[in-house]
$ cat entry-v4.txt   # compact mmCIF, C-alpha atoms
# COMPACT_ATOMS: atom_id res chain seq x y z
CA MET A 550 -111.84 -14.39 -0.47
CA VAL A 551 -114.59 -17.01 -0.28
CA PHE A 552 -115.53 -19.46 -2.99
CA GLY A 553 -118.78 -21.40 -2.99
CA LEU A 554 -121.04 -23.41 -5.20
CA SER A 555 -124.43 -22.04 -6.08
CA ASN A 556 -127.15 -24.56 -5.34
CA PRO A 557 -124.63 -27.39 -4.66
CA GLU A 558 -127.32 -29.95 -3.91
CA ASN A 559 -128.54 -29.83 -7.52
CA ARG A 560 -125.20 -29.30 -9.18
CA THR A 561 -124.28 -31.92 -11.77
CA PRO A 562 -120.82 -33.29 -10.85
CA VAL A 563 -118.19 -32.52 -13.44
CA ILE A 564 -115.51 -35.17 -13.90
CA ARG A 565 -112.12 -33.65 -14.57
CA PRO A 566 -108.94 -35.57 -15.33
CA PRO A 567 -107.41 -37.54 -13.75
CA GLN A 568 -110.59 -38.66 -11.94
CA ALA A 569 -111.98 -41.89 -13.35
CA PRO A 570 -115.40 -42.93 -12.01
CA LEU A 571 -116.03 -46.64 -11.60
CA ASP A 572 -116.89 -47.90 -15.09
CA VAL A 573 -119.71 -50.42 -14.72
CA GLU A 574 -120.60 -50.85 -18.39
CA ASN A 575 -117.05 -51.71 -19.49
CA TYR A 576 -116.18 -53.91 -16.51
CA PRO A 577 -114.48 -57.02 -17.98
CA ILE A 578 -116.36 -60.19 -17.10
CA ALA A 579 -114.05 -63.03 -16.05
CA PRO A 580 -113.40 -65.87 -18.53
CA PRO A 581 -115.86 -68.80 -18.51
CA GLY A 582 -115.37 -71.19 -15.63
CA LEU A 583 -114.30 -68.52 -13.13
CA GLU A 584 -116.75 -67.64 -10.37
CA LEU A 585 -116.37 -64.46 -8.33
CA LYS A 586 -116.16 -65.25 -4.62
CA GLN A 587 -114.91 -62.14 -2.83
CA VAL A 588 -114.03 -58.52 -3.62
CA HIS A 589 -111.76 -56.21 -1.61
CA VAL A 590 -112.11 -52.49 -2.45
CA TYR A 591 -109.75 -49.72 -1.35
CA VAL A 592 -111.04 -46.28 -2.29
CA ARG A 593 -109.59 -42.84 -1.76
CA HIS A 594 -111.93 -40.30 -0.17
CA GLY A 595 -113.81 -37.85 -2.34
CA GLU A 596 -112.98 -34.27 -3.26
CA ARG A 597 -111.95 -32.15 -0.31
CA THR A 598 -110.61 -28.70 0.48
CA PRO A 599 -106.83 -28.25 0.61
CA VAL A 600 -105.20 -29.28 3.88
CA GLY A 601 -103.51 -25.87 4.15
CA VAL A 602 -103.93 -22.29 2.91
CA ARG A 603 -101.63 -21.67 -0.04
CA LEU A 604 -101.56 -19.49 -3.18
CA ALA A 605 -104.20 -17.22 -1.65
CA SER A 606 -102.39 -13.97 -2.50
CA PRO A 607 -102.53 -12.34 -5.95
CA PRO A 608 -101.83 -13.16 -8.68
CA ALA A 609 -102.85 -16.78 -7.90
CA SER A 610 -105.80 -15.70 -5.73
CA ILE A 611 -106.99 -19.20 -4.89
CA PRO A 612 -109.62 -18.80 -2.14
CA GLU A 613 -108.62 -19.02 1.48
CA TYR A 614 -112.19 -19.92 2.49
CA TRP A 615 -114.33 -22.49 0.71
CA ALA A 616 -118.11 -22.32 1.23
CA MET A 617 -118.77 -25.76 -0.21
CA CYS A 618 -119.94 -27.74 2.81
CA LYS A 619 -123.64 -26.97 3.14
CA THR A 620 -125.15 -30.44 2.93
CA THR A 621 -124.04 -31.71 6.35
CA ARG A 622 -124.18 -28.61 8.49
CA GLN A 623 -127.45 -29.66 10.15
CA PHE A 624 -127.79 -33.08 11.71
CA ARG A 625 -129.09 -34.95 14.73
CA ALA A 626 -126.69 -35.98 17.44
CA ALA A 627 -127.32 -38.78 19.89
CA VAL A 628 -127.31 -37.56 23.48
CA SER A 629 -127.91 -39.05 26.89
CA GLY A 630 -129.90 -37.43 29.62
CA ALA A 631 -131.32 -38.35 33.00
CA ALA A 632 -134.90 -39.32 33.72
CA LEU A 633 -136.55 -39.38 37.12
CA GLY A 634 -134.56 -41.46 39.52
CA GLY A 635 -131.29 -40.74 37.74
CA LEU A 636 -131.73 -43.47 35.11
CA PRO A 637 -130.09 -42.57 31.77
CA VAL A 638 -132.30 -42.17 28.72
CA GLY A 639 -131.45 -41.72 25.09
CA GLY A 640 -132.45 -38.81 22.93
CA GLN A 641 -131.58 -36.69 19.92
CA LEU A 642 -130.36 -33.13 19.75
CA GLU A 643 -130.88 -30.95 16.70
CA THR A 644 -127.41 -29.62 15.89
CA ARG A 645 -126.01 -27.07 13.48
CA ARG A 646 -122.27 -26.90 12.80
CA LEU A 647 -120.47 -23.67 11.92
CA VAL A 648 -116.83 -22.91 11.19
CA GLU A 649 -115.48 -19.91 13.05
CA ARG A 650 -112.70 -17.86 11.50
CA GLY A 651 -109.88 -16.31 13.42
CA ASP A 652 -111.70 -12.99 13.61
CA GLY A 653 -114.76 -14.64 15.15
CA ARG A 654 -116.98 -14.50 12.07
CA THR A 655 -118.91 -17.50 10.80
CA VAL A 656 -120.13 -18.17 7.27
CA ASP A 657 -122.85 -20.68 6.49
CA GLY A 658 -121.52 -23.74 4.67
CA GLU A 659 -117.85 -22.91 5.06
CA CYS A 660 -115.50 -25.88 5.07
CA LEU A 661 -112.69 -26.82 7.37
CA LEU A 662 -109.26 -27.47 5.91
CA GLY A 663 -109.10 -30.96 4.44
CA GLU A 664 -112.87 -31.46 4.70
CA LEU A 665 -114.97 -33.49 2.28
CA THR A 666 -116.97 -30.97 0.24
CA ASP A 667 -120.43 -31.22 -1.27
CA VAL A 668 -118.76 -32.23 -4.54
CA GLY A 669 -116.89 -34.97 -2.70
CA ARG A 670 -120.06 -36.16 -1.01
CA GLN A 671 -121.76 -36.45 -4.39
CA SER A 672 -118.87 -38.29 -6.06
CA THR A 673 -118.55 -40.80 -3.23
CA TYR A 674 -122.29 -41.42 -3.29
CA ASN A 675 -121.94 -41.95 -7.04
CA TYR A 676 -119.14 -44.44 -6.38
CA GLY A 677 -121.36 -46.42 -4.02
CA ALA A 678 -124.17 -46.35 -6.57
CA ALA A 679 -121.76 -47.66 -9.20
CA LEU A 680 -120.78 -50.51 -6.86
CA ARG A 681 -124.48 -51.34 -6.61
CA ARG A 682 -125.01 -51.30 -10.37
CA LEU A 683 -122.02 -53.60 -10.81
CA TYR A 684 -122.26 -56.12 -7.98
CA VAL A 685 -126.02 -56.12 -7.34
CA ASP A 686 -127.67 -55.29 -10.66
CA ARG A 687 -125.22 -56.52 -13.29
CA LEU A 688 -123.41 -59.45 -11.66
CA GLY A 689 -126.00 -60.48 -9.05
CA PHE A 690 -123.09 -60.99 -6.69
CA LEU A 691 -124.62 -59.13 -3.73
CA PRO A 692 -128.16 -59.23 -2.33
CA ASP A 693 -130.61 -56.53 -3.34
CA SER A 694 -131.08 -55.40 0.28
CA LEU A 695 -128.80 -55.53 3.28
CA GLU A 696 -130.07 -56.37 6.75
CA ASN A 697 -126.72 -57.00 8.46
CA LEU A 698 -123.00 -57.06 7.79
CA ASP A 699 -122.74 -60.78 7.00
CA ASN A 700 -122.11 -60.15 3.30
CA ILE A 701 -120.13 -56.93 3.48
CA TYR A 702 -117.34 -55.49 5.60
CA LEU A 703 -116.92 -51.72 5.92
CA ARG A 704 -113.92 -49.95 7.37
CA SER A 705 -112.47 -46.46 7.37
CA THR A 706 -109.50 -44.66 8.80
CA ASN A 707 -110.44 -42.44 11.73
CA ILE A 708 -110.36 -39.25 9.68
CA PRO A 709 -113.55 -37.21 9.10
CA ARG A 710 -113.23 -37.14 5.29
CA THR A 711 -112.79 -40.92 5.02
CA LEU A 712 -115.56 -41.61 7.52
CA GLU A 713 -117.94 -39.38 5.57
CA THR A 714 -116.77 -40.96 2.32
CA MET A 715 -117.73 -44.37 3.68
CA GLN A 716 -121.13 -43.13 4.78
CA HIS A 717 -121.90 -41.81 1.30
CA ILE A 718 -120.58 -44.97 -0.39
CA VAL A 719 -122.83 -47.10 1.81
CA HIS A 720 -125.79 -44.85 1.03
CA GLY A 721 -125.14 -45.28 -2.69
CA LEU A 722 -124.56 -49.04 -2.44
CA TYR A 723 -127.49 -49.69 -0.12
CA PRO A 724 -129.86 -46.70 0.16
CA SER A 725 -131.79 -46.37 3.41
CA TYR A 726 -134.79 -48.26 2.04
CA LYS A 727 -132.45 -51.16 1.13
CA CYS A 728 -130.33 -51.10 4.26
CA GLY A 729 -130.81 -52.25 7.85
CA SER A 730 -130.36 -49.77 10.68
CA ASP A 731 -127.42 -51.65 12.26
CA VAL A 732 -125.06 -51.37 9.27
CA ILE A 733 -122.36 -49.15 10.76
CA PRO A 734 -118.80 -48.91 9.36
CA PRO A 735 -116.23 -49.61 12.10
CA TYR A 736 -112.72 -48.22 12.37
CA VAL A 737 -109.76 -49.24 14.50
CA ASN A 738 -107.58 -47.35 16.95
CA SER A 739 -104.76 -45.36 15.39
CA ARG A 740 -102.09 -47.55 16.96
CA ASP A 741 -103.38 -50.62 15.11
CA GLU A 742 -104.37 -48.86 11.88
CA ASN A 743 -103.04 -50.54 8.73
CA LEU A 744 -105.09 -48.83 6.02
CA LEU A 745 -102.13 -46.51 5.48
CA GLY A 746 -98.47 -46.43 6.48
CA ASN A 747 -98.77 -46.02 10.25
CA THR A 748 -95.89 -43.85 11.38
CA TYR A 749 -97.72 -43.29 14.67
CA SER A 750 -96.97 -46.83 15.81
CA CYS A 751 -93.89 -47.51 13.68
CA LYS A 752 -90.97 -45.17 14.36
CA ARG A 753 -88.77 -46.94 11.84
CA LEU A 754 -91.27 -46.25 9.06
CA GLU A 755 -91.32 -42.57 10.00
CA ILE A 756 -87.53 -42.41 9.83
CA LEU A 757 -87.48 -44.12 6.44
CA GLN A 758 -90.13 -41.79 5.02
CA VAL A 759 -88.22 -38.72 6.20
CA GLY A 760 -85.13 -40.13 4.52
CA PHE A 761 -87.00 -40.70 1.26
CA ALA A 762 -88.33 -37.14 1.36
CA GLN A 763 -84.82 -35.79 1.79
CA ALA A 764 -83.56 -38.00 -1.01
CA ALA A 765 -86.36 -36.81 -3.27
CA ALA A 766 -85.40 -33.20 -2.56
CA SER A 767 -81.78 -33.90 -3.48
CA ALA A 768 -82.73 -35.73 -6.64
CA TYR A 769 -85.58 -33.58 -7.96
CA ASN A 770 -85.03 -30.00 -6.81
CA LYS A 771 -82.74 -29.42 -9.77
CA THR A 772 -85.50 -30.52 -12.14
CA LEU A 773 -87.78 -27.88 -10.60
CA GLU A 774 -85.32 -24.99 -10.94
CA PRO A 775 -86.26 -24.22 -14.58
CA LEU A 776 -89.85 -23.61 -13.44
CA ASP A 777 -88.98 -20.78 -11.05
CA LYS A 778 -89.44 -18.01 -13.62
CA LYS A 779 -92.99 -19.15 -14.25
CA ILE A 780 -94.07 -20.37 -10.81
CA SER A 781 -92.31 -18.26 -8.15
CA LYS A 782 -94.61 -15.26 -8.70
CA TYR A 783 -97.45 -17.37 -7.28
CA LEU A 784 -95.40 -18.40 -4.23
CA ASP A 785 -94.54 -14.95 -2.87
CA GLY A 786 -91.29 -15.07 -4.82
CA ASN A 787 -90.15 -18.38 -3.36
CA PRO A 788 -88.83 -21.12 -5.61
CA ILE A 789 -90.85 -24.29 -6.02
CA ARG A 790 -88.98 -27.15 -4.36
CA VAL A 791 -89.72 -30.56 -2.87
CA ASP A 792 -88.72 -29.15 0.53
CA GLY A 793 -89.66 -25.53 -0.20
CA LYS A 794 -92.01 -23.12 1.55
CA PRO A 795 -94.62 -24.07 0.62
CA ARG A 796 -93.56 -27.60 -0.32
CA ALA A 797 -94.19 -28.67 -3.90
CA SER A 798 -96.62 -31.31 -2.60
CA GLY A 799 -98.61 -28.62 -0.80
CA VAL A 800 -98.76 -26.47 -3.92
CA MET A 801 -100.08 -29.37 -5.97
CA ASP A 802 -102.54 -30.34 -3.24
CA THR A 803 -104.10 -26.89 -3.46
CA ILE A 804 -104.05 -26.88 -7.27
CA ARG A 805 -105.64 -30.32 -7.59
CA SER A 806 -108.33 -29.47 -5.04
CA ALA A 807 -109.11 -26.21 -6.84
CA ILE A 808 -109.37 -27.86 -10.27
CA ALA A 809 -111.60 -30.60 -8.87
CA HIS A 810 -114.05 -27.91 -7.71
CA GLY A 811 -113.97 -25.76 -10.82
CA ILE A 812 -111.88 -23.00 -9.23
CA LYS A 813 -109.73 -21.04 -11.65
CA VAL A 814 -106.01 -21.75 -11.26
CA PRO A 815 -103.07 -19.92 -12.86
CA PRO A 816 -102.55 -21.05 -16.47
CA GLU A 817 -99.10 -22.44 -15.69
CA PHE A 818 -100.73 -25.09 -13.52
CA GLU A 819 -102.82 -26.22 -16.48
CA ASP A 820 -99.72 -26.70 -18.62
CA LYS A 821 -99.00 -30.43 -18.78
CA ASN A 822 -95.29 -29.86 -19.35
CA ILE A 823 -95.05 -27.94 -16.08
CA VAL A 824 -97.42 -30.07 -14.02
CA ASP A 825 -95.73 -33.32 -15.05
CA VAL A 826 -92.38 -32.10 -13.75
CA ILE A 827 -93.84 -31.09 -10.39
CA GLU A 828 -95.92 -34.25 -10.10
CA ARG A 829 -92.89 -36.45 -10.78
CA ALA A 830 -91.03 -34.84 -7.90
CA VAL A 831 -94.01 -35.00 -5.53
CA VAL A 832 -94.79 -38.63 -6.36
CA ASN A 833 -91.22 -39.63 -5.60
CA GLU A 834 -91.35 -37.81 -2.28
CA TRP A 835 -94.68 -39.19 -1.12
CA PHE A 836 -95.47 -42.40 -2.93
CA ALA A 837 -92.34 -44.16 -4.14
CA ASP A 838 -91.91 -47.05 -1.69
CA LYS A 839 -88.59 -48.15 -3.07
CA THR A 840 -87.22 -50.67 -0.58
CA GLU A 841 -88.41 -54.02 0.71
CA GLU A 842 -88.25 -52.73 4.27
CA ILE A 843 -90.54 -49.76 3.72
CA ARG A 844 -92.94 -51.98 1.78
CA ARG A 845 -93.10 -54.45 4.66
CA LEU A 846 -93.67 -51.76 7.27
CA GLY A 847 -95.99 -49.65 5.14
CA MET A 848 -98.31 -52.17 3.46
CA GLY A 849 -97.26 -55.59 4.74
CA ARG A 850 -99.88 -55.84 7.49
CA LEU A 851 -102.68 -54.60 5.23
CA LEU A 852 -101.83 -57.13 2.52
CA ASP A 853 -101.56 -59.86 5.13
CA ASP A 854 -105.04 -58.95 6.35
CA LEU A 855 -106.35 -59.21 2.77
CA SER A 856 -104.58 -62.53 2.23
CA ARG A 857 -105.92 -64.07 5.42
CA LYS A 858 -109.50 -63.12 4.58
CA MET A 859 -109.20 -64.60 1.12
CA GLN A 860 -107.75 -67.80 2.52
CA ARG A 861 -110.55 -68.02 5.07
CA LYS A 862 -113.05 -67.72 2.22
CA VAL A 863 -111.28 -70.51 0.36
CA LYS A 864 -111.21 -72.74 3.43
CA ASN A 865 -114.79 -72.19 4.55
CA GLY A 866 -116.52 -71.69 1.21
CA ASP A 867 -120.15 -70.68 1.54
CA LYS A 868 -119.90 -70.99 5.33
CA ASP A 869 -118.06 -67.69 5.13
CA PRO A 870 -120.74 -65.30 3.76
CA LEU A 871 -118.38 -62.33 3.40
CA LYS A 872 -118.39 -61.13 -0.22
CA LEU A 873 -117.56 -57.42 -0.41
CA LEU A 874 -115.02 -55.57 1.74
CA VAL A 875 -114.89 -51.79 1.28
CA HIS A 876 -112.10 -49.71 2.83
CA SER A 877 -112.17 -45.91 2.84
CA THR A 878 -108.60 -44.64 2.85
CA HIS A 879 -106.13 -42.17 1.35
CA ASP A 880 -103.97 -41.53 -1.72
CA THR A 881 -100.90 -42.74 0.16
CA ALA A 882 -102.48 -46.17 0.67
CA LEU A 883 -103.46 -46.63 -2.98
CA ALA A 884 -100.08 -45.55 -4.27
CA ALA A 885 -98.29 -47.73 -1.71
CA LEU A 886 -100.35 -50.81 -2.59
CA CYS A 887 -99.56 -50.37 -6.28
CA SER A 888 -95.91 -49.65 -5.61
CA THR A 889 -95.52 -52.60 -3.25
CA LEU A 890 -96.83 -54.92 -5.97
CA ASP A 891 -94.72 -53.19 -8.66
CA VAL A 892 -97.62 -51.83 -10.72
CA PHE A 893 -97.61 -48.14 -9.74
CA ASP A 894 -98.13 -45.77 -12.69
CA GLU A 895 -96.17 -42.96 -10.99
CA LYS A 896 -99.25 -40.71 -10.94
CA TRP A 897 -100.87 -39.07 -7.92
CA PRO A 898 -104.08 -41.05 -7.18
CA ALA A 899 -107.21 -39.06 -7.98
CA PHE A 900 -110.13 -38.40 -5.65
CA THR A 901 -112.32 -41.55 -5.42
CA ALA A 902 -109.62 -43.58 -7.17
CA SER A 903 -109.92 -47.21 -6.16
CA ILE A 904 -108.15 -50.55 -6.17
CA THR A 905 -110.01 -53.85 -6.19
CA PHE A 906 -108.71 -57.34 -5.50
CA GLU A 907 -111.14 -59.96 -6.78
CA LEU A 908 -111.00 -63.61 -5.71
CA PHE A 909 -112.20 -66.16 -8.27
CA GLU A 910 -112.77 -69.90 -8.02
CA LYS A 911 -112.26 -72.32 -10.91
CA PRO A 912 -113.39 -75.93 -10.43
CA ARG A 913 -110.90 -78.47 -11.71
CA GLN A 914 -111.92 -80.67 -14.61
CA LEU A 915 -112.64 -84.27 -13.63
CA VAL A 916 -110.45 -86.84 -15.35
CA GLU A 917 -112.31 -89.84 -16.78
CA PRO A 918 -111.15 -93.19 -15.28
CA SER A 919 -108.97 -95.15 -17.68
CA SER A 920 -109.90 -98.62 -16.42
CA ARG A 921 -112.74 -100.55 -14.82
CA SER A 922 -110.89 -100.79 -11.49
CA GLN A 923 -110.33 -97.02 -11.40
CA SER A 924 -113.99 -96.51 -12.22
CA VAL A 925 -115.02 -98.67 -9.26
CA LEU A 926 -112.69 -96.82 -6.89
CA SER A 927 -113.45 -93.28 -8.13
CA PRO A 928 -116.41 -92.66 -5.75
CA PHE A 929 -114.06 -93.13 -2.81
CA ARG A 930 -111.45 -90.65 -4.03
CA PRO A 931 -111.52 -87.08 -2.71
CA ALA A 932 -113.02 -84.55 -5.07
CA ALA A 933 -110.56 -82.41 -7.00
CA GLN A 934 -109.95 -79.12 -5.21
CA PRO A 935 -110.72 -75.98 -7.21
CA ASP A 936 -108.10 -73.46 -8.26
CA TYR A 937 -108.23 -69.87 -7.06
CA PHE A 938 -107.10 -66.69 -8.76
CA VAL A 939 -106.74 -63.02 -7.77
CA ARG A 940 -107.27 -60.12 -10.16
CA MET A 941 -106.08 -56.64 -9.20
CA ARG A 942 -107.74 -53.62 -10.83
CA TYR A 943 -106.90 -49.93 -10.50
CA GLN A 944 -108.78 -47.07 -12.12
CA ASN A 945 -110.83 -49.44 -14.30
CA LYS A 946 -107.75 -51.28 -15.60
CA ASN A 947 -106.62 -54.86 -15.04
CA LEU A 948 -103.10 -55.09 -13.65
CA ALA A 949 -100.86 -58.03 -14.50
CA LEU A 950 -98.69 -58.46 -11.40
CA PRO A 951 -94.99 -59.11 -12.12
CA ILE A 952 -94.91 -61.62 -9.26
CA CYS A 953 -97.30 -63.81 -11.28
CA ALA A 954 -95.64 -63.44 -14.70
CA GLU A 955 -94.07 -66.90 -14.77
CA LYS A 956 -95.91 -69.78 -16.40
CA GLY A 957 -97.98 -71.64 -13.85
CA LYS A 958 -98.43 -68.55 -11.65
CA HIS A 959 -101.38 -67.15 -13.60
CA LEU A 960 -104.37 -68.33 -15.58
CA ASP A 961 -103.32 -69.55 -19.01
CA GLY A 962 -103.91 -66.82 -21.53
CA ALA A 963 -104.93 -64.27 -18.89
CA PRO A 964 -101.86 -62.95 -17.00
CA GLU A 965 -104.01 -60.54 -14.94
CA PHE A 966 -105.43 -63.56 -13.06
CA CYS A 967 -102.69 -64.38 -10.57
CA THR A 968 -102.86 -67.72 -8.78
CA LEU A 969 -103.82 -67.27 -5.17
CA GLU A 970 -100.83 -69.41 -4.22
CA ALA A 971 -98.33 -67.09 -5.94
CA PHE A 972 -100.13 -64.01 -4.60
CA ARG A 973 -100.06 -65.25 -1.01
CA ALA A 974 -96.44 -66.34 -1.29
CA ARG A 975 -95.38 -62.78 -2.13
CA ILE A 976 -97.54 -61.33 0.64
CA LYS A 977 -95.96 -63.72 3.12
CA GLU A 978 -92.57 -62.26 2.18
CA LEU A 979 -93.94 -58.76 2.80
CA THR A 980 -95.56 -59.48 6.17
CA PRO A 981 -93.61 -58.32 9.25
CA THR A 982 -92.86 -61.29 11.49
CA ASN A 983 -92.17 -59.15 14.55
CA TRP A 984 -93.88 -55.78 14.15
CA ASN A 985 -92.55 -54.18 17.31
CA ALA A 986 -88.97 -55.24 16.65
CA GLU A 987 -88.98 -54.22 12.99
CA CYS A 988 -90.52 -50.85 13.91
CA ALA A 989 -87.80 -50.00 16.42
CA PRO A 990 -85.87 -46.88 15.31
CA ALA A 991 -82.82 -48.89 14.27
CA GLY A 992 -84.95 -51.52 12.57
CA VAL A 993 -84.20 -55.23 12.43
CA SER A 994 -83.83 -57.72 9.61
CA PRO A 995 -86.87 -59.94 9.03
CA ALA A 996 -84.84 -63.04 9.84
CA SER A 997 -83.66 -61.80 13.23
CA GLY A 998 -87.13 -60.42 13.98
CA ALA A 999 -88.82 -63.77 13.45

$ encode --input "entry-v4.txt" --output "C-alpha cells"
Amino acid sequence: MVFGLSNPENRTPVIRPPQAPLDVENYPIAPPGLELKQVHVYVRHGERTPVGVRLASPPASIPEYWAMCKTTRQFRAAVSGAALGGLPVGGQLETRRLVERGDGRTVDGECLLGELTDVGRQSTYNYGAALRRLYVDRLGFLPDSLENLDNIYLRSTNIPRTLETMQHIVHGLYPSYKCGSDVIPPYVNSRDENLLGNTYSCKRLEILQVGFAQAAASAYNKTLEPLDKKISKYLDGNPIRVDGKPRASGVMDTIRSAIAHGIKVPPEFEDKNIVDVIERAVVNEWFADKTEEIRRLGMGRLLDDLSRKMQRKVKNGDKDPLKLLVHSTHDTALAALCSTLDVFDEKWPAFTASITFELFEKPRQLVEPSSRSQSVLSPFRPAAQPDYFVRMRYQNKNLALPICAEKGKHLDGAPEFCTLEAFRARIKELTPTNWNAECAPAGVSPASGA
C-alpha cells in the first residue's frame, strides 16, 4: 500500500496536536531595561516517515510506502572532472533520486524510512520564516539580509532529516535573495557530536540508557496490559509492551508520523485515555534522564558549549557579533535538555518543537554620590558592570528553572529570568571534567575524573 499527497507543493500545512508552531504574535517582550543579546535555538526536525515498517497489515493498514517526498527528488550535484592536461575543473550534474523497493520497482516521490517529507519541509521552512518575523521584523534583533555567518551560527547533526531541516529553516529565515552564497550549516564528526546523547563515543551512557529501558519495561509493562484487548489486534496478536515486538515506542512513532501526515489511524490510537498510557511508558523509556550521571554524560557537554558562548558574549560585548545560534536536532535532545534542567513536561516532543535560551543584559543603575569628595572621585571609578539573565522557552512557554528559584538567583518579579551566574553554576556541575574517564564502561565519579 502506498500513501501520497496530491499536489504536495501547494498543500496548506495542517497543524495537529501536539505540534505548536513558533508563536510570533504572542512572544512575550522582556521587561523594560532588559536588552536581548544572544539567542540559542534547538529545534527538532520536521515531519518525517516512520523509522520502521509497522502496523502495515489489516486491520491497521498504515501504509508501508509513503509517496510524500517529491520536492527534492531532482537537484544539482557538484562534481569534479578533468580538463586538458589533467587539471581538475568543477561542474554540476543534473541528478534525480529514486527509492528502489526490494522487488526492484521504483515509485516517483517515494520516501525512505525516517526521511523528512514534503510536509516536514514546509513546516521547517515555516519555522525559519517565523524566526525571521520575530527576530528581524518584530524585534529588529537580526539584520535584514545575511552576507556571512558573523551574526548567526548554524549546526545540525549528521542525519539527512536534520540537515534538510536546517536548510529549510535557513531558507525561511534568510531567503536566497536575502542570503549570501557562503552561508552553509556545518556539522561535526559523530565522535564529537553533542547535540544529542552520544552513545557512539560514550560507552557508559549506552549502558545507562539500556538499563533505563529495562527499568521502564519492568515498571510500565503492567500498566500496558489492560490495553491488550484493544491494541493487540493491530500488532499481529502481540501485546503492546515497552520491550515488545514491535516496541511500544515504535508503535507510537508510526502512529504519530501517520497523524502528522493526515493518514487514518485506528480509532484506539485517537483515544486520549489509551494514548496517554502508552506515551507515559515510552517517555520513561526514552526521555527520562533520572540521574546526575546520565545528565552529565547526555547533555553536560552541550550545555557547557552554550554556557561558554554566552560567557564569551558577555566578556566581549559587541566585539562578538554572534546573535542567533540555531541547532537542528532530535526529540531526544529536547527532552533531555528539559529533563536535565528539571522542567520536562513528560510529553514526547512534537515535530519542529523547539527550545530557546535567550541572553539578556540589564545595565546597573548608577548611584548618586553622597558627598562632594565622592563626586570628585566618581569619574575615576570603574563603571558598574551590567547584570545578565537567561530565559528558557519551550513550545512558546517561559520556563522558570528550579535552579534559579531562590531569591537573588532570578530577576525580581520575573522568575523565568534566571541570573546567568546561577545558570552557569548549575551547568558547571553538569559538565564532565574528564569525558573519556567518565565514559568508560564502569564509569568514574566526577571527583576522581577531575

$ closest_residue --input "entry-v4.txt" --among "A:Glu817, A:Glu907, A:Glu584, A:Glu774" --to "Lys858 of chain A" --atoms "all atoms listed in the file"
A:Glu907

$ closest_residue --input "entry-v4.txt" --among "A:Val826, A:Leu688, A:Ile578, A:Ile843" --to "Glu895 of chain A" --atoms "all atoms listed in the file"
A:Val826

$ residues_around --input "entry-v4.txt" --residues "segment 597-614 of chain A" --least-positions-apart "5" --cutoff "7 Å" --atoms "all atoms listed in the file" --output "count of residues only"
18

$ residues_around --input "entry-v4.txt" --residues "Leu979 of chain A" --least-positions-apart "6" --cutoff "8 Å" --atoms "all atoms listed in the file" --output "number ranges by chain"
A: 841, 844-845, 848-849

$ residues_around --input "entry-v4.txt" --residues "segment 870-877 of chain A" --least-positions-apart "5" --cutoff "6 Å" --atoms "all atoms listed in the file" --output "JSON, numbers by chain"
{"A": [587, 588, 589, 590, 591, 592, 699, 700, 701, 702, 703, 704, 705, 711, 715]}

$ atom_distance --input "entry-v4.txt" --atom1 "atom CA of Ile812 of chain A" --atom2 "atom CA of Cys660 of chain A"
15.0 Å

$ atom_distance --input "entry-v4.txt" --atom1 "atom CA of Asp820 of chain A" --atom2 "atom CA of Ile904 of chain A"
28.2 Å

$ closest_residue --input "entry-v4.txt" --among "A:Phe893, A:Leu722, A:Glu596, A:Ser888" --to "Asp686 of chain A" --atoms "all atoms listed in the file"
A:Leu722

$ closest_atom_pairs --input "entry-v4.txt" --of "segment 805-851 of chain A" --to "segment 751-771 of chain A" --cutoff "8 Å" --atoms "all atoms listed in the file" --output "CSV"
residue,atom,partner,partner_atom,distance
A:Ala830,CA,A:Tyr769,CA,5.6
A:Asn833,CA,A:Ala765,CA,6.1
A:Glu834,CA,A:Ala762,CA,4.8
A:Trp835,CA,A:Ala762,CA,7.1
A:Ile843,CA,A:Leu754,CA,6.4
A:Leu846,CA,A:Leu754,CA,6.3
A:Gly847,CA,A:Leu754,CA,7.0

$ residues_around --input "entry-v4.txt" --residues "segment 960-971 of chain A" --least-positions-apart "4" --cutoff "7 Å" --atoms "only C-alpha atoms" --output "list in words"
Tyr937, Phe938, Val939, Arg940, Asn947, Leu948, Ala949, Leu950, Cys953, Ala954 and Arg975 of chain A

$ closest_residue --input "entry-v4.txt" --among "A:Gly595, A:Gly786, A:Pro816, A:Pro935" --to "Val668 of chain A" --atoms "only C-alpha atoms"
A:Gly595

$ closest_residue --input "entry-v4.txt" --among "A:Tyr676, A:Phe972, A:Tyr576, A:Phe818" --to "Phe900 of chain A" --atoms "only C-alpha atoms"
A:Tyr676

$ residues_near_point --input "entry-v4.txt" --point "(-91.8, -20.4, -3.4)" --cutoff "12 Å" --atoms "only C-alpha atoms" --output "list in words"
Arg603, Leu604, Leu773, Glu774, Leu776, Asp777, Lys778, Lys779, Ile780, Ser781, Lys782, Tyr783, Leu784, Asp785, Gly786, Asn787, Pro788, Ile789, Arg790, Val791, Asp792, Gly793, Lys794, Pro795, Arg796, Ala797, Ser798, Gly799 and Val800 of chain A

$ closest_residue --input "entry-v4.txt" --among "A:Ser730, A:Glu955, A:Arg710, A:Gln671" --to "Leu698 of chain A" --atoms "only C-alpha atoms"
A:Ser730

$ atom_distance --input "entry-v4.txt" --atom1 "atom CA of His717 of chain A" --atom2 "atom CA of Thr673 of chain A"
5.7 Å

$ residues_around --input "entry-v4.txt" --residues "Ser694 of chain A" --least-positions-apart "4" --cutoff "7 Å" --atoms "all atoms listed in the file" --output "mmCIF file with C-alpha atoms, keeping the file's coordinate frame"
data_model
loop_
_atom_site.group_PDB
_atom_site.id
_atom_site.type_symbol
_atom_site.label_atom_id
_atom_site.label_comp_id
_atom_site.auth_asym_id
_atom_site.auth_seq_id
_atom_site.Cartn_x
_atom_site.Cartn_y
_atom_site.Cartn_z
ATOM 1 C CA TYR A 723 -127.490 -49.690 -0.120
ATOM 2 C CA LYS A 727 -132.450 -51.160 1.130
ATOM 3 C CA CYS A 728 -130.330 -51.100 4.260
#

$ axis_aligned_box --input "entry-v4.txt" --around "segment 764-778 of chain A" --padding-each-side "3 Å" --output "JSON"
{"center_x": -85.8, "center_y": -28.0, "center_z": -7.8, "size_x": 14.1, "size_y": 26.0, "size_z": 19.6}

$ residues_near_point --input "entry-v4.txt" --point "(-105.7, -39.5, -0.2)" --cutoff "7 Å" --atoms "only C-alpha atoms" --output "list in words"
Arg593, His594, Thr878, His879, Asp880 and Thr881 of chain A
